[in-house]
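J.: Got a structure here, written out as C-alpha cells. Questions coming.
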Amino acid sequence: MLVVRPAESRDLLALERLAATATPRLTNLPAHRDRLEERILRSQRSLRAEIDFPGDEIYCFVLEDLDTGEVVGTASLRAEAGAREAYYTYRQETLIHASQQLNVRHEVQTLSLSHEVSDATLLCALSLDARYRETDADSLLRRARLMFIAQYPERFATELAVAFPGYLETRDERQVSPFWDSVGQHFFDRDFNEINQMAGVRSKSFIAEVMPPFPLYLPLLTPQARAAIGRENPRHEYAMQEMLAEGFSRSRHVDIFDAGPLLLAECERLHTFKQCGWHPVRIRPQESLPDAVPAMVANQRLGDFRCVLARYALTPTGQLMLTPQQAEVLGVEEGRAVLAVPMPLPAVDEGEL
C-alpha cells in the first residue's frame, strides 16, 4: 500500500538517496544534507503556520511504500515561486525588424529574461525510485500535491507552474546541455553539471544576475541549442504527458539553464480540481468492494495529510467504500468525509500541443 504524506526528519536519508539518484540531477533537489534537512524543517514550519495567502512556504512530501517501509519518492510545493527571490525564466518572444524603404520585414525569435512566473505556485523537486516510475505510484506522488492544494487554496496561488528538466546530450559519457553550452557557458567558466549543482546549493538568481539582460537572438545560437528550447528530457516524457492531460499548458517560458519547458495552469482548469468531491466513508472488507477505477483519496488533516490509492467505489447514497487498512492509514472512521477523485485522465489531443 502506498501513501503520500509530509516529510519528517526520519526521512532525511531517503531524501538524500532520492536526490542523488534523480535523473537528470535536479537543481531544486540538491543531494546536500544540510539543504535537505532545512527543507524538511521549513515544510514542518509551513504546516504549523496560520496562512491567509501564499508566501515563502514550502511543503515537502514523500511517497512511502507501507508494505516495505521504504520511502520511495519525494515531491514539493513552493507556495510562491519567487517569494524569497525572483524566479527567473527565459520567455520566448518574436521581434519584427521592418523597413518600408527597403521593403524588408523579418521576424526574429528571441529569448528574454523574465521573472513574471514568480507569483505562481511551483510544483517541483520530484524524484521517484526507478522501480515505481510510470506506474500509479508515479501518478499518485505527482498529483497528490493537487489534492493538498484543493483543500487549502488560501495557501497557494491560483496559477500553478511545473518545470521539466531540459534535453541533454551524452558526450564522453557525460550529460551536457547544448543550450547551456551555447548561452550560459560564455558567462561562467563552468560546465552544466557544475553550475547545476552550485545553483542547487545556492540559488538560480545569482546566475540570472550575471546573464545578459538583453534579448538573445535565436539565429545566433547553435542549431543544437535552438532544438533544445522547450524540449523536455526524454526520461520525463511520461510526466509531461500526464500534466498536459491534467490540464496544464505549454507556456512561452523555459529554464535559464537547459531551456526545459515550463507548464502553467489556472487551478480551476485542472482535472483534479474539477472532478474531486467530498464523500463520507463507509468501511468494508477488501473482498466485498466492487470493481471500480482507481482513485486518489485524501484526508482533511493539514499536518497529518495523507493521500492513498483506492477504488472509486461509491454506494448508491454517495459513500466511498474503503478497506479497514485504507481508513486506518488515512486516520478516518466511518462517516468521516474524505476528498476523492478518479485517477484516469482525459486523453491529450496531440494536435493541440
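Here, A, B, ... name the chains of the C-alpha cells in the order displayed, residue numbers run from 1 inside each chain, and ligands are numbered from 1 in the same displayed order.
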List the spatial neighbours of region 88-90 of chain A as a ChimeraX atom specification - criterion: any atom at most 10 Å away, only C-alpha atoms, same-chain residues fewer than 2 positions off excluded.

T.: /A:81-82,85-86,92-93,110-118,204-205,207-209,215-216,229,252-257,259-262

J.: DSSP on the backbone: what in region 174-305 of chain A comes out alpha helix (DSSP H), as a ChimeraX atom specification?

T.: /A:178-182,192-201,205-210,223-228,237-246,271-275

J.: Pick from A:Ala150, A:Val104, A:Ala228, A:Ala22: nearest to Asp129 (chain A), with only C-alpha atoms counted?

T.: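 Going through A:Ala150, A:Val104, A:Ala228, A:Ala22 one by one, the smallest distance to Asp129 (chain A) is for A:Ala22.
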
J.: Have a look at A:Ala225, A:Ala161, A:Leu220, A:Ala20 and name the one nearest to Tyr87 (chain A); count only C-alpha atoms.

T.: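 Using only C-alpha atoms, the shortest distance to Tyr87 (chain A) belongs to A:Ala161.
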
J.: May I ask which of the residues A:Glu266, A:Asp67, A:Asp172, A:Asp191 is the closest one to Thr121 (chain A), counting only C-alpha atoms?

T.: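 Looking only at the distances to Thr121 (chain A), the closest residue turns out to be A:Glu266.
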
J.: Which of these, A:Glu246, A:Glu232, A:Glu328, A:Asp11, has the shortest distance to Thr74 (chain A) once you count only C-alpha atoms?

T.: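 Among the listed residues, A:Asp11 lies closest to Thr74 (chain A).
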
J.: What are the closest atom pairs, with distances in Å to one decimal, for all residues of region 7-44 of chain A lying within 12 Å of region 303-321 of chain A? Consider only C-alpha atoms, order rows by chain and residue number, and present the result as a Markdown table.

T.:
```
| residue | atom | partner | partner_atom | distance |
| --- | --- | --- | --- | --- |
| A:Ala7 | CA | A:Asp304 | CA | 10.2 |
| A:Glu8 | CA | A:Asp304 | CA | 10.7 |
| A:Ser43 | CA | A:Gly303 | CA | 9.8 |
| A:Gln44 | CA | A:Gly303 | CA | 7.9 |
```

J.: Keeping only N, CA, C and O atoms, take the residues you just selected and write them out as a PDB file, in the first residue's frame.

T.:
```
ATOM      1  N   ALA A   7       6.927  15.191   4.629  1.00  0.00           N
ATOM      2  CA  ALA A   7       8.241  14.665   5.013  1.00  0.00           C
ATOM      3  C   ALA A   7       8.509  14.941   6.488  1.00  0.00           C
ATOM      4  O   ALA A   7       8.094  15.959   7.041  1.00  0.00           O
ATOM      5  N   GLU A   8       9.218  14.005   7.119  1.00  0.00           N
ATOM      6  CA  GLU A   8       9.608  14.123   8.516  1.00  0.00           C
ATOM      7  C   GLU A   8      11.115  13.987   8.624  1.00  0.00           C
ATOM      8  O   GLU A   8      11.788  13.566   7.679  1.00  0.00           O
ATOM      9  N   SER A  43       9.277  22.861   5.751  1.00  0.00           N
ATOM     10  CA  SER A  43       7.986  22.257   5.457  1.00  0.00           C
ATOM     11  C   SER A  43       7.175  22.076   6.735  1.00  0.00           C
ATOM     12  O   SER A  43       5.972  22.376   6.782  1.00  0.00           O
ATOM     13  N   GLN A  44       7.830  21.613   7.785  1.00  0.00           N
ATOM     14  CA  GLN A  44       7.126  21.419   9.050  1.00  0.00           C
ATOM     15  C   GLN A  44       6.634  22.748   9.621  1.00  0.00           C
ATOM     16  O   GLN A  44       5.527  22.831  10.148  1.00  0.00           O
TER      17      GLN A  44
END
```

J.: Which residue, A:Gln197, A:Gly230, A:Arg301, A:Leu221, has the smallest gap to Pro6 (chain A) when you use only C-alpha atoms?

T.: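 Ranking A:Gln197, A:Gly230, A:Arg301, A:Leu221 by distance to Pro6 (chain A), first place goes to A:Arg301.
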
J.: Distance CA of Ser99 (chain A)-CA of Pro213 (chain A), one decimal place?

T.: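 Going from CA of Ser99 (chain A) over to CA of Pro213 (chain A) covers 26.0 Å.
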
J.: Which residues are close to Glu107 (chain A), i.e. within 12 Å by only C-alpha atoms, leaving aside same-chain residues fewer than 2 positions away? Reply as a list in words.

T.: Glu93, Thr94, Leu95, Ile96, His97, Ala98, Val104, Arg105, Gln109, Thr110, Tyr217, Leu218 and Pro219 of chain A

J.: Measure the distance from CA of Arg33 (chain A) to CA of Glu16 (chain A) in Å and round it to one decimal.

T.: 6.5 Å

J.: Using only C-alpha atoms, find the one residue out of A:Met243, A:Leu122, A:Leu63, A:Ala14 that sits nearest to Glu80 (chain A).

T.: A:Leu122

J.: Please identify every residue of region 95-204 of chain A that has at least one atom no farther than 10 Å from an atom of region 287-296 of chain A, counting only C-alpha atoms, and for each give the shortest atom pair and the distance in Å to one decimal, arranged by chain then increasing number, as CSV.

T.:
```
residue,atom,partner,partner_atom,distance
A:Asp136,CA,A:Pro294,CA,8.8
A:Ser139,CA,A:Met296,CA,9.5
A:Leu140,CA,A:Met296,CA,7.0
A:Arg143,CA,A:Met296,CA,8.5
A:Ala144,CA,A:Met296,CA,7.3
A:Met147,CA,A:Met296,CA,8.2
```

J.: Export, as a tab-separated table (two decimals), in the first residue's frame, the selected residues with all heavy atoms.

T.:
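This went into selection_25.tsv:
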```tsv
chain	number	residue	atom	x	y	z
A	136	ASP	N	1.06	3.73	-11.23
A	136	ASP	CA	0.11	4.51	-10.44
A	136	ASP	C	0.81	5.23	-9.29
A	136	ASP	O	0.37	6.29	-8.85
A	136	ASP	CB	-1.00	3.60	-9.88
A	136	ASP	CG	-2.03	3.22	-10.94
A	136	ASP	OD1	-2.06	3.89	-12.00
A	136	ASP	OD2	-2.80	2.27	-10.71
A	139	SER	N	2.00	8.54	-10.60
A	139	SER	CA	0.89	9.48	-10.71
A	139	SER	C	0.43	9.96	-9.34
A	139	SER	O	0.11	11.15	-9.15
A	139	SER	CB	-0.29	8.83	-11.44
A	139	SER	OG	0.08	8.44	-12.75
A	140	LEU	N	0.37	9.07	-8.37
A	140	LEU	CA	-0.05	9.44	-7.03
A	140	LEU	C	0.87	10.50	-6.44
A	140	LEU	O	0.39	11.52	-5.90
A	140	LEU	CB	-0.09	8.21	-6.12
A	140	LEU	CG	-0.42	8.48	-4.64
A	140	LEU	CD1	-1.83	9.01	-4.49
A	140	LEU	CD2	-0.23	7.20	-3.81
A	143	ARG	N	0.39	13.91	-8.39
A	143	ARG	CA	-0.91	14.58	-8.35
A	143	ARG	C	-1.48	14.74	-6.94
A	143	ARG	O	-2.43	15.50	-6.74
A	143	ARG	CB	-1.89	13.84	-9.25
A	143	ARG	CG	-1.47	13.88	-10.73
A	143	ARG	CD	-2.30	12.96	-11.58
A	143	ARG	NE	-3.72	13.28	-11.48
A	143	ARG	CZ	-4.70	12.43	-11.79
A	143	ARG	NH1	-4.39	11.20	-12.20
A	143	ARG	NH2	-5.95	12.79	-11.68
A	144	ALA	N	-0.92	14.04	-5.96
A	144	ALA	CA	-1.39	14.22	-4.58
A	144	ALA	C	-1.20	15.66	-4.13
A	144	ALA	O	-1.95	16.16	-3.29
A	144	ALA	CB	-0.65	13.26	-3.64
A	147	MET	N	-4.25	17.54	-4.71
A	147	MET	CA	-5.27	17.26	-3.70
A	147	MET	C	-5.03	18.12	-2.46
A	147	MET	O	-5.98	18.57	-1.80
A	147	MET	CB	-5.24	15.77	-3.33
A	147	MET	CG	-5.59	14.83	-4.47
A	147	MET	SD	-7.36	14.84	-4.86
A	147	MET	CE	-7.98	13.72	-3.60
```

J.: Can you measure CA of Leu123 (chain A) to CA of Leu244 (chain A) for me? One decimal in Å is fine.

T.: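 Interatomic distance, CA of Leu123 (chain A) to CA of Leu244 (chain A): 13.9 Å.
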